[in-house]
$ cat my_file_12.cif   # mmCIF, N, CA and C atoms
data_entry
#
loop_
_atom_site.label_atom_id
_atom_site.label_comp_id
_atom_site.auth_asym_id
_atom_site.auth_seq_id
_atom_site.Cartn_x
_atom_site.Cartn_y
_atom_site.Cartn_z
N GLY A 1 -87.21 30.85 43.98
CA GLY A 1 -86.91 30.03 42.82
C GLY A 1 -86.99 30.85 41.56
N TYR A 2 -86.45 30.30 40.49
CA TYR A 2 -86.42 30.99 39.21
C TYR A 2 -87.74 30.86 38.47
N SER A 3 -88.17 31.95 37.92
CA SER A 3 -89.21 32.00 36.90
C SER A 3 -88.87 33.21 36.05
N PRO A 4 -89.35 33.28 34.81
CA PRO A 4 -89.00 34.43 33.98
C PRO A 4 -89.40 35.77 34.61
N ALA A 5 -90.38 35.77 35.50
CA ALA A 5 -90.83 37.00 36.14
C ALA A 5 -90.15 37.24 37.49
N ALA A 6 -89.26 36.36 37.92
CA ALA A 6 -88.58 36.54 39.21
C ALA A 6 -87.76 37.82 39.20
N PHE A 7 -87.77 38.51 40.30
CA PHE A 7 -87.06 39.79 40.40
C PHE A 7 -86.35 39.87 41.75
N PRO A 8 -85.23 39.16 41.88
CA PRO A 8 -84.54 39.11 43.18
C PRO A 8 -83.86 40.42 43.57
N ASP A 9 -83.72 41.35 42.63
CA ASP A 9 -83.03 42.60 42.94
C ASP A 9 -83.63 43.31 44.15
N ILE A 10 -84.95 43.32 44.24
CA ILE A 10 -85.61 44.03 45.34
C ILE A 10 -85.21 43.41 46.68
N TYR A 11 -85.27 42.10 46.77
CA TYR A 11 -84.91 41.41 48.01
C TYR A 11 -83.44 41.64 48.36
N LEU A 12 -82.57 41.42 47.36
CA LEU A 12 -81.14 41.55 47.61
C LEU A 12 -80.73 42.99 47.92
N HIS A 13 -81.43 43.95 47.34
CA HIS A 13 -81.15 45.36 47.63
C HIS A 13 -81.67 45.74 49.02
N THR A 14 -82.83 45.21 49.38
CA THR A 14 -83.44 45.53 50.67
C THR A 14 -82.71 44.87 51.83
N PHE A 15 -82.22 43.66 51.61
CA PHE A 15 -81.52 42.91 52.67
C PHE A 15 -80.09 42.60 52.22
N PRO A 16 -79.23 43.60 52.16
CA PRO A 16 -77.85 43.36 51.70
C PRO A 16 -77.11 42.42 52.63
N GLY A 17 -76.29 41.58 52.03
CA GLY A 17 -75.47 40.67 52.82
C GLY A 17 -76.16 39.39 53.25
N VAL A 18 -77.45 39.25 52.95
CA VAL A 18 -78.17 38.02 53.29
C VAL A 18 -77.84 36.96 52.23
N HIS A 19 -77.48 35.78 52.68
CA HIS A 19 -77.15 34.68 51.76
C HIS A 19 -78.41 33.88 51.50
N ILE A 20 -78.76 33.76 50.22
CA ILE A 20 -79.95 32.99 49.85
C ILE A 20 -79.55 31.88 48.89
N SER A 21 -80.40 30.89 48.76
CA SER A 21 -80.10 29.77 47.87
C SER A 21 -81.23 29.58 46.87
N ASN A 22 -80.94 28.76 45.86
CA ASN A 22 -81.92 28.48 44.82
C ASN A 22 -82.69 27.21 45.16
N ARG A 23 -83.53 27.28 46.13
CA ARG A 23 -84.33 26.13 46.54
C ARG A 23 -85.37 25.78 45.48
N PHE A 24 -86.01 24.66 45.66
CA PHE A 24 -87.13 24.19 44.85
C PHE A 24 -86.70 23.57 43.52
N LEU A 25 -85.42 23.31 43.34
CA LEU A 25 -84.96 22.56 42.18
C LEU A 25 -84.63 21.17 42.70
N HIS A 26 -85.60 20.28 42.65
CA HIS A 26 -85.47 19.00 43.32
C HIS A 26 -84.99 17.86 42.44
N ASP A 27 -84.59 18.14 41.23
CA ASP A 27 -84.12 17.10 40.33
C ASP A 27 -83.40 17.76 39.16
N ASP A 28 -82.73 16.96 38.35
CA ASP A 28 -82.08 17.51 37.16
C ASP A 28 -83.09 17.54 36.01
N VAL A 29 -84.17 18.24 36.25
CA VAL A 29 -85.27 18.34 35.30
C VAL A 29 -84.88 19.23 34.12
N GLU A 30 -85.67 19.18 33.06
CA GLU A 30 -85.45 20.05 31.92
C GLU A 30 -85.43 21.50 32.39
N GLY A 31 -84.44 22.24 31.95
CA GLY A 31 -84.32 23.64 32.35
C GLY A 31 -83.52 23.87 33.62
N PHE A 32 -82.90 22.82 34.17
CA PHE A 32 -82.17 23.00 35.43
C PHE A 32 -81.03 23.99 35.27
N ARG A 33 -80.44 24.06 34.08
CA ARG A 33 -79.35 25.02 33.87
C ARG A 33 -79.84 26.46 34.04
N ASP A 34 -81.08 26.73 33.62
CA ASP A 34 -81.64 28.07 33.81
C ASP A 34 -81.70 28.41 35.30
N HIS A 35 -82.13 27.47 36.11
CA HIS A 35 -82.20 27.70 37.55
C HIS A 35 -80.81 27.96 38.14
N LEU A 36 -79.83 27.18 37.69
CA LEU A 36 -78.47 27.36 38.20
C LEU A 36 -77.85 28.66 37.71
N ASN A 37 -78.08 29.01 36.44
CA ASN A 37 -77.55 30.27 35.90
C ASN A 37 -78.17 31.47 36.61
N TYR A 38 -79.46 31.37 36.91
CA TYR A 38 -80.17 32.41 37.67
C TYR A 38 -79.51 32.58 39.05
N ALA A 39 -79.28 31.46 39.73
CA ALA A 39 -78.65 31.51 41.05
C ALA A 39 -77.23 32.10 40.93
N PHE A 40 -76.52 31.74 39.89
CA PHE A 40 -75.16 32.24 39.68
C PHE A 40 -75.14 33.76 39.56
N VAL A 41 -75.95 34.29 38.65
CA VAL A 41 -75.87 35.72 38.35
C VAL A 41 -76.25 36.58 39.56
N TYR A 42 -77.10 36.05 40.45
CA TYR A 42 -77.49 36.81 41.63
C TYR A 42 -76.72 36.42 42.89
N GLY A 43 -75.70 35.58 42.74
CA GLY A 43 -74.85 35.24 43.87
C GLY A 43 -75.48 34.30 44.88
N MET A 44 -76.48 33.55 44.47
CA MET A 44 -77.15 32.62 45.38
C MET A 44 -76.31 31.36 45.59
N ILE A 45 -76.55 30.72 46.71
CA ILE A 45 -75.91 29.44 47.01
C ILE A 45 -76.62 28.35 46.20
N PHE A 46 -75.86 27.45 45.60
CA PHE A 46 -76.46 26.37 44.81
C PHE A 46 -77.02 25.28 45.72
N ASP A 47 -78.22 24.84 45.42
CA ASP A 47 -78.84 23.73 46.15
C ASP A 47 -78.44 22.44 45.46
N VAL A 48 -77.52 21.70 46.04
CA VAL A 48 -77.09 20.44 45.45
C VAL A 48 -77.65 19.24 46.20
N CYS A 49 -78.57 19.49 47.10
CA CYS A 49 -79.23 18.41 47.83
C CYS A 49 -80.56 18.09 47.14
N ILE A 50 -80.48 17.83 45.84
CA ILE A 50 -81.69 17.56 45.09
C ILE A 50 -82.16 16.13 45.33
N TYR A 51 -83.40 15.87 45.07
CA TYR A 51 -84.05 14.62 45.46
C TYR A 51 -83.27 13.37 45.06
N ARG A 52 -82.99 13.21 43.75
CA ARG A 52 -82.28 11.99 43.33
C ARG A 52 -80.86 11.96 43.86
N GLY A 53 -80.27 13.13 44.13
CA GLY A 53 -78.93 13.17 44.68
C GLY A 53 -78.85 12.57 46.07
N ARG A 54 -79.96 12.55 46.78
CA ARG A 54 -79.97 11.95 48.12
C ARG A 54 -79.76 10.45 48.06
N VAL A 55 -80.13 9.86 46.93
CA VAL A 55 -80.03 8.42 46.78
C VAL A 55 -78.61 8.00 46.41
N PHE A 56 -78.01 8.69 45.44
CA PHE A 56 -76.70 8.25 44.98
C PHE A 56 -75.69 9.38 44.85
N GLY A 57 -75.93 10.52 45.44
CA GLY A 57 -74.97 11.62 45.44
C GLY A 57 -74.98 12.42 44.15
N ILE A 58 -74.35 13.56 44.20
CA ILE A 58 -74.32 14.46 43.05
C ILE A 58 -73.60 13.82 41.87
N ALA A 59 -72.68 12.90 42.12
CA ALA A 59 -71.97 12.23 41.02
C ALA A 59 -72.93 11.41 40.15
N GLY A 60 -74.06 11.03 40.70
CA GLY A 60 -75.05 10.28 39.93
C GLY A 60 -75.85 11.16 38.99
N LEU A 61 -75.62 12.46 39.05
CA LEU A 61 -76.28 13.43 38.17
C LEU A 61 -75.19 14.21 37.43
N PRO A 62 -74.49 13.56 36.49
CA PRO A 62 -73.28 14.17 35.92
C PRO A 62 -73.52 15.51 35.21
N ASP A 63 -74.63 15.70 34.51
CA ASP A 63 -74.87 16.97 33.84
C ASP A 63 -75.05 18.09 34.86
N TYR A 64 -75.81 17.79 35.91
CA TYR A 64 -76.03 18.76 36.98
C TYR A 64 -74.71 19.08 37.67
N ALA A 65 -73.96 18.04 38.03
CA ALA A 65 -72.69 18.22 38.72
C ALA A 65 -71.71 19.03 37.87
N ASP A 66 -71.66 18.74 36.57
CA ASP A 66 -70.75 19.47 35.68
C ASP A 66 -71.10 20.95 35.61
N HIS A 67 -72.40 21.25 35.57
CA HIS A 67 -72.80 22.66 35.46
C HIS A 67 -72.55 23.40 36.78
N VAL A 68 -72.80 22.76 37.89
CA VAL A 68 -72.49 23.38 39.18
C VAL A 68 -70.98 23.64 39.28
N LYS A 69 -70.17 22.69 38.85
CA LYS A 69 -68.71 22.87 38.88
C LYS A 69 -68.30 24.02 37.97
N TYR A 70 -68.85 24.08 36.77
CA TYR A 70 -68.55 25.16 35.83
C TYR A 70 -68.82 26.52 36.46
N LEU A 71 -69.99 26.67 37.07
CA LEU A 71 -70.36 27.95 37.69
C LEU A 71 -69.54 28.24 38.94
N THR A 72 -69.28 27.20 39.72
CA THR A 72 -68.49 27.37 40.95
C THR A 72 -67.05 27.76 40.62
N ASP A 73 -66.50 27.21 39.55
CA ASP A 73 -65.14 27.57 39.13
C ASP A 73 -65.07 29.04 38.73
N ILE A 74 -66.10 29.54 38.03
CA ILE A 74 -66.12 30.96 37.67
C ILE A 74 -66.19 31.81 38.94
N ARG A 75 -67.05 31.43 39.86
CA ARG A 75 -67.15 32.18 41.11
C ARG A 75 -65.82 32.19 41.86
N ALA A 76 -65.12 31.07 41.87
CA ALA A 76 -63.83 31.00 42.57
C ALA A 76 -62.84 31.98 41.95
N ARG A 77 -62.87 32.11 40.63
CA ARG A 77 -61.99 33.05 39.94
C ARG A 77 -62.26 34.50 40.37
N TYR A 78 -63.51 34.79 40.72
CA TYR A 78 -63.92 36.14 41.12
C TYR A 78 -64.39 36.16 42.57
N ALA A 79 -63.70 35.43 43.44
CA ALA A 79 -64.12 35.26 44.84
C ALA A 79 -64.21 36.58 45.59
N LYS A 80 -63.32 37.52 45.30
CA LYS A 80 -63.33 38.77 46.05
C LYS A 80 -64.63 39.56 45.82
N TYR A 81 -65.33 39.24 44.75
CA TYR A 81 -66.61 39.89 44.47
C TYR A 81 -67.79 39.04 44.93
N PHE A 82 -67.83 37.79 44.47
CA PHE A 82 -68.96 36.92 44.79
C PHE A 82 -69.02 36.56 46.27
N TYR A 83 -67.87 36.26 46.87
CA TYR A 83 -67.85 35.77 48.24
C TYR A 83 -67.55 36.86 49.28
N HIS A 84 -66.83 37.89 48.86
CA HIS A 84 -66.42 38.91 49.82
C HIS A 84 -66.92 40.31 49.45
N GLY A 85 -67.59 40.43 48.32
CA GLY A 85 -68.10 41.73 47.88
C GLY A 85 -69.58 41.90 48.22
N ASN A 86 -70.15 42.96 47.68
CA ASN A 86 -71.56 43.27 47.91
C ASN A 86 -72.33 43.32 46.61
N PHE A 87 -73.54 42.79 46.62
CA PHE A 87 -74.45 42.84 45.49
C PHE A 87 -74.93 44.27 45.28
N VAL A 88 -74.98 44.70 44.02
CA VAL A 88 -75.54 46.00 43.66
C VAL A 88 -76.52 45.76 42.53
N SER A 89 -77.74 46.21 42.70
CA SER A 89 -78.75 46.05 41.67
C SER A 89 -78.43 46.94 40.47
N MET A 90 -78.82 46.49 39.30
CA MET A 90 -78.56 47.23 38.06
C MET A 90 -79.88 47.63 37.41
N PHE A 91 -80.49 48.70 37.90
CA PHE A 91 -81.77 49.13 37.37
C PHE A 91 -81.65 49.97 36.11
N LYS A 92 -80.59 50.76 36.00
CA LYS A 92 -80.51 51.74 34.92
C LYS A 92 -79.56 51.37 33.79
N GLU A 93 -78.73 50.38 33.99
CA GLU A 93 -77.74 50.02 32.99
C GLU A 93 -78.41 49.34 31.81
N PRO A 94 -78.06 49.76 30.59
CA PRO A 94 -78.69 49.18 29.40
C PRO A 94 -78.05 47.85 28.99
N VAL A 95 -78.77 46.78 29.20
CA VAL A 95 -78.33 45.47 28.70
C VAL A 95 -79.42 44.98 27.74
N PRO A 96 -79.05 44.15 26.77
CA PRO A 96 -80.04 43.70 25.79
C PRO A 96 -81.17 42.90 26.44
N ALA A 97 -82.30 42.90 25.77
CA ALA A 97 -83.44 42.10 26.23
C ALA A 97 -83.01 40.64 26.33
N GLY A 98 -83.43 39.99 27.39
CA GLY A 98 -83.07 38.59 27.59
C GLY A 98 -81.78 38.38 28.34
N VAL A 99 -81.06 39.44 28.66
CA VAL A 99 -79.84 39.33 29.45
C VAL A 99 -80.13 39.85 30.84
N ARG A 100 -79.85 39.01 31.83
CA ARG A 100 -80.00 39.43 33.23
C ARG A 100 -78.60 39.70 33.76
N SER A 101 -78.51 40.67 34.67
CA SER A 101 -77.19 41.07 35.15
C SER A 101 -77.25 41.54 36.59
N ALA A 102 -76.11 41.43 37.26
CA ALA A 102 -75.97 41.93 38.62
C ALA A 102 -74.53 42.37 38.81
N LYS A 103 -74.36 43.40 39.62
CA LYS A 103 -73.03 43.94 39.90
C LYS A 103 -72.63 43.53 41.32
N PHE A 104 -71.36 43.18 41.47
CA PHE A 104 -70.80 42.87 42.78
C PHE A 104 -69.56 43.74 42.98
N VAL A 105 -69.52 44.47 44.08
CA VAL A 105 -68.44 45.42 44.35
C VAL A 105 -67.55 44.86 45.45
N ALA A 106 -66.24 44.87 45.18
CA ALA A 106 -65.25 44.42 46.16
C ALA A 106 -64.95 45.56 47.14
N GLU A 107 -64.29 45.21 48.23
CA GLU A 107 -63.95 46.20 49.26
C GLU A 107 -63.10 47.34 48.71
N ASN A 108 -62.26 47.08 47.70
CA ASN A 108 -61.38 48.12 47.15
C ASN A 108 -62.06 48.98 46.09
N GLY A 109 -63.34 48.72 45.81
CA GLY A 109 -64.08 49.52 44.83
C GLY A 109 -64.12 48.93 43.44
N ASP A 110 -63.27 47.94 43.16
CA ASP A 110 -63.37 47.25 41.88
C ASP A 110 -64.68 46.50 41.85
N TYR A 111 -65.17 46.19 40.66
CA TYR A 111 -66.44 45.48 40.59
C TYR A 111 -66.50 44.58 39.36
N ILE A 112 -67.42 43.66 39.41
CA ILE A 112 -67.73 42.80 38.27
C ILE A 112 -69.21 42.96 37.97
N VAL A 113 -69.54 42.60 36.74
CA VAL A 113 -70.94 42.42 36.39
C VAL A 113 -71.06 40.98 35.91
N ALA A 114 -71.98 40.26 36.51
CA ALA A 114 -72.28 38.89 36.10
C ALA A 114 -73.47 38.95 35.16
N PHE A 115 -73.39 38.22 34.07
CA PHE A 115 -74.44 38.22 33.05
C PHE A 115 -74.97 36.81 32.84
N TRP A 116 -76.23 36.73 32.50
CA TRP A 116 -76.85 35.47 32.08
C TRP A 116 -77.69 35.77 30.85
N ASN A 117 -77.34 35.16 29.74
CA ASN A 117 -78.09 35.31 28.50
C ASN A 117 -79.17 34.24 28.48
N THR A 118 -80.41 34.63 28.66
CA THR A 118 -81.53 33.69 28.72
C THR A 118 -82.02 33.27 27.34
N THR A 119 -81.47 33.88 26.30
CA THR A 119 -81.96 33.64 24.94
C THR A 119 -81.19 32.52 24.26
N GLU A 120 -81.66 32.15 23.09
CA GLU A 120 -81.03 31.11 22.27
C GLU A 120 -79.99 31.69 21.30
N VAL A 121 -79.67 32.98 21.43
CA VAL A 121 -78.79 33.66 20.49
C VAL A 121 -77.62 34.29 21.25
N ASP A 122 -76.39 34.09 20.76
CA ASP A 122 -75.23 34.77 21.34
C ASP A 122 -75.45 36.27 21.24
N THR A 123 -74.91 37.01 22.19
CA THR A 123 -75.11 38.45 22.17
C THR A 123 -73.82 39.19 22.52
N LYS A 124 -73.64 40.35 21.88
CA LYS A 124 -72.52 41.25 22.16
C LYS A 124 -73.12 42.63 22.40
N PHE A 125 -72.54 43.34 23.35
CA PHE A 125 -72.97 44.71 23.62
C PHE A 125 -71.87 45.39 24.42
N GLU A 126 -72.00 46.68 24.61
CA GLU A 126 -71.02 47.43 25.38
C GLU A 126 -71.63 47.85 26.72
N LEU A 127 -70.82 47.72 27.78
CA LEU A 127 -71.25 48.17 29.09
C LEU A 127 -70.04 48.75 29.82
N TYR A 128 -70.17 49.96 30.31
CA TYR A 128 -69.10 50.65 31.01
C TYR A 128 -67.81 50.70 30.19
N GLY A 129 -67.94 50.87 28.88
CA GLY A 129 -66.79 51.03 28.01
C GLY A 129 -66.09 49.75 27.59
N LYS A 130 -66.64 48.61 27.93
CA LYS A 130 -66.06 47.33 27.52
C LYS A 130 -67.07 46.53 26.71
N GLU A 131 -66.55 45.81 25.71
CA GLU A 131 -67.43 44.94 24.94
C GLU A 131 -67.67 43.65 25.71
N VAL A 132 -68.93 43.28 25.83
CA VAL A 132 -69.34 42.09 26.57
C VAL A 132 -69.87 41.07 25.57
N TYR A 133 -69.45 39.83 25.71
CA TYR A 133 -69.98 38.74 24.90
C TYR A 133 -70.55 37.69 25.85
N VAL A 134 -71.80 37.29 25.59
CA VAL A 134 -72.41 36.23 26.38
C VAL A 134 -73.03 35.23 25.40
N ALA A 135 -72.56 34.00 25.44
CA ALA A 135 -73.09 32.96 24.57
C ALA A 135 -74.54 32.66 24.93
N ALA A 136 -75.25 32.09 23.99
CA ALA A 136 -76.65 31.73 24.21
C ALA A 136 -76.78 30.79 25.40
N LYS A 137 -77.76 31.07 26.27
CA LYS A 137 -78.07 30.22 27.43
C LYS A 137 -76.87 30.02 28.35
N ASP A 138 -75.95 30.99 28.40
CA ASP A 138 -74.75 30.86 29.20
C ASP A 138 -74.57 32.09 30.08
N VAL A 139 -73.53 32.05 30.88
CA VAL A 139 -73.19 33.16 31.77
C VAL A 139 -71.84 33.72 31.36
N ALA A 140 -71.56 34.93 31.84
CA ALA A 140 -70.26 35.56 31.62
C ALA A 140 -70.04 36.55 32.75
N VAL A 141 -68.78 36.92 32.94
CA VAL A 141 -68.42 37.91 33.96
C VAL A 141 -67.45 38.90 33.33
N MET A 142 -67.67 40.17 33.60
CA MET A 142 -66.77 41.22 33.13
C MET A 142 -66.28 41.97 34.36
N GLU A 143 -64.94 42.15 34.43
CA GLU A 143 -64.33 42.82 35.58
C GLU A 143 -63.99 44.27 35.22
N TYR A 144 -64.23 45.16 36.16
CA TYR A 144 -63.98 46.59 35.97
C TYR A 144 -63.20 47.13 37.16
N ASN A 145 -62.38 48.13 36.91
CA ASN A 145 -61.67 48.81 38.00
C ASN A 145 -62.51 49.97 38.48
N GLY A 146 -62.64 50.07 39.82
CA GLY A 146 -63.47 51.11 40.43
C GLY A 146 -62.86 52.43 40.27
#

$ encode --input "my_file_12.cif" --output "structure tokens"
Amino acid sequence: GYSPAAFPDIYLHTFPGVHISNRFLHDDVEGFRDHLNYAFVYGMIFDVCIYRGRVFGIAGLPDYADHVKYLTDIRARYAKYFYHGNFVSMFKEPVPAGVRSAKFVAENGDYIVAFWNTTEVDTKFELYGKEVYVAAKDVAVMEYNG
């Protein structure tokens, strides 16, 4: 599960290709977007079987459902990386404080970097020769040619 001190890179680097999910989010509680954004940036499967959803389905949690759809639509756009590529940890790449990132490499060598800005402030920076913009408390993806 997500916490500010969570460090999934070690697990994902040690066990490549293992599919994990963001368990322990049992309701659309305050901060649920942080949990979903965390799962997004590290390529985790979204847990949509949350407690209240068992009673009336995900449609009964419109904010949660909308955010899962938003993130799932981004993943679909970059399916060759998220669904068919490999996770690569980013230990040495300079990203601003409060931005979490992960690289996914496709079979042809192209790659993306998924970003999550955990702060309340929009941020811009350069990575691998491209300017990256990530809105406050949001995610972004930048595509690169291998």

$ residues_around --input "my_file_12.cif" --residues "Thr119 in chain A" --least-positions-apart "2" --cutoff "12 Å" --atoms "only C-alpha atoms" --output "PyMOL selection string"
chain A and resi 4+34+96-100+115-117+121-123+134-139

$ atom_distance --input "my_file_12.cif" --atom1 "CA of Val95 in chain A" --atom2 "atom C of Tyr64 in chain A"
28.1 Å

$ residues_near_point --input "my_file_12.cif" --point "(-69.5, 45.0, 40.9)" --cutoff "6 Å" --atoms "all atoms listed in the file" --output "ChimeraX atom specification"
/A:103-106,110-113

$ resolve_selection --input "my_file_12.cif" --expression "the PyMOL selection byres (((chain A and resi 20 and name CA) around 7) and name CA)" --output "ChimeraX atom specification"
/A:18-19,21,44-45

$ atom_distance --input "my_file_12.cif" --atom1 "atom C of Asn145 in chain A" --atom2 "atom N of Ser89 in chain A"
16.2 Å

$ atom_distance --input "my_file_12.cif" --atom1 "CA of Thr14 in chain A" --atom2 "atom C of Gly129 in chain A"
29.2 Å

$ select_by_dssp --input "my_file_12.cif" --residues "range 33-96 of chain A" --states "strand (DSSP E or B)" --output "ChimeraX atom specification"
/A:45,86-88

$ resolve_selection --input "my_file_12.cif" --expression "the PyMOL selection byres ((chain A and resi 107) around 7)" --output "list in words"
Lys80, Tyr81, His84, Gly85, Asn86, Val105, Ala106, Asn108, Gly109 and Asp110 of chain A
